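Notes follow the structure.
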Amino acid sequence: MAVLLGRGAAAILPPSRALRVLVVAPDALRAERLAQDQGIDLAEARACVASADAARRAALAGFGFAAEDLTHYDLVLNTEALSIDAVAALTVDALRRRFPLR
């Protein structure tokens, strides 16, 4: 078992062999968290979030995915509503349910 993280990771393995998870949060919250974590001002953090989103859209387009099409994912989790620990626990639970140990 392995975890692949990154832009387009959902496109690398066939859906039958992967649990494709997308973790999201509102842009404003992402910028606030980035500013706090990196010790940068909010304007710079907003620019970083916008740049990362543009790069993600471009990378996904290279795989023939539209960033807005969430059907490429099995699970979409919002960290505005759920803690990181809850996101991790839900992901592990979904993985175990999808691919039970034999």
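Convention: chains lettered A, B, ... in structure tokens order; per-chain residue numbering from 1; ligands numbered from 1 as shown.
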query: Contacts of stretch 75-88 of chain A at 12 Å or less, counting only C-alpha atoms, minus same-chain residues fewer than 4 places along, as a ChimeraX atom specification?
result: /A:10,18-30,32-33,69-71,92-95,98
Could you pull out all residues of chain A with a DSSP call of strand (DSSP E or B) and give them as a short mmCIF file (atom, residue, chain, number, x, y, z; two decimals) with N, CA, C and O atoms, in the first residue's frame?
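out-v1.cif was written with the following content:
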data_model
loop_
_atom_site.label_atom_id
_atom_site.label_comp_id
_atom_site.auth_asym_id
_atom_site.auth_seq_id
_atom_site.Cartn_x
_atom_site.Cartn_y
_atom_site.Cartn_z
N VAL A 21 -8.68 10.65 -3.07
CA VAL A 21 -9.19 11.57 -2.06
C VAL A 21 -8.77 12.99 -2.40
O VAL A 21 -7.61 13.24 -2.74
N LEU A 22 -9.72 13.91 -2.30
CA LEU A 22 -9.44 15.33 -2.48
C LEU A 22 -9.77 16.03 -1.18
O LEU A 22 -10.87 15.89 -0.65
N VAL A 23 -8.81 16.76 -0.64
CA VAL A 23 -9.01 17.53 0.59
C VAL A 23 -9.11 19.00 0.19
O VAL A 23 -8.24 19.51 -0.51
N VAL A 24 -10.19 19.64 0.63
CA VAL A 24 -10.48 21.01 0.23
C VAL A 24 -10.73 21.89 1.45
O VAL A 24 -10.96 21.39 2.56
N LEU A 75 -13.66 10.38 -2.64
CA LEU A 75 -13.95 11.02 -1.36
C LEU A 75 -13.45 12.45 -1.42
O LEU A 75 -12.30 12.69 -1.81
N VAL A 76 -14.30 13.41 -1.07
CA VAL A 76 -13.91 14.82 -0.99
C VAL A 76 -14.19 15.27 0.44
O VAL A 76 -15.32 15.13 0.93
N LEU A 77 -13.16 15.77 1.11
CA LEU A 77 -13.27 16.14 2.52
C LEU A 77 -12.89 17.61 2.70
O LEU A 77 -11.88 18.08 2.18
N ASN A 78 -13.70 18.33 3.47
CA ASN A 78 -13.53 19.76 3.67
C ASN A 78 -12.96 20.03 5.07
O ASN A 78 -13.61 19.76 6.07
#
field: Point-to-point distance from atom CA of A:Leu101 to atom CA of A:Ile12, Å rounded to tenths
entry: 22.6 Å
task: as a VMD selection string, please: all residues of chain A that backbone DSSP puts in helix (DSSP H, G or I).
output: chain A and resid 9 to 12 15 to 17 27 to 38 42 to 62 70 to 72 84 to 98
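A straight line drawn from atom CA of A:Asp53 to atom CA of A:Ser16 is 27.1 Å long.
Using only C-alpha atoms for every distance, the candidate list A:Pro15, A:Leu5, A:Ala45, A:Arg57 yields A:Pro15 as the residue closest to A:His72.
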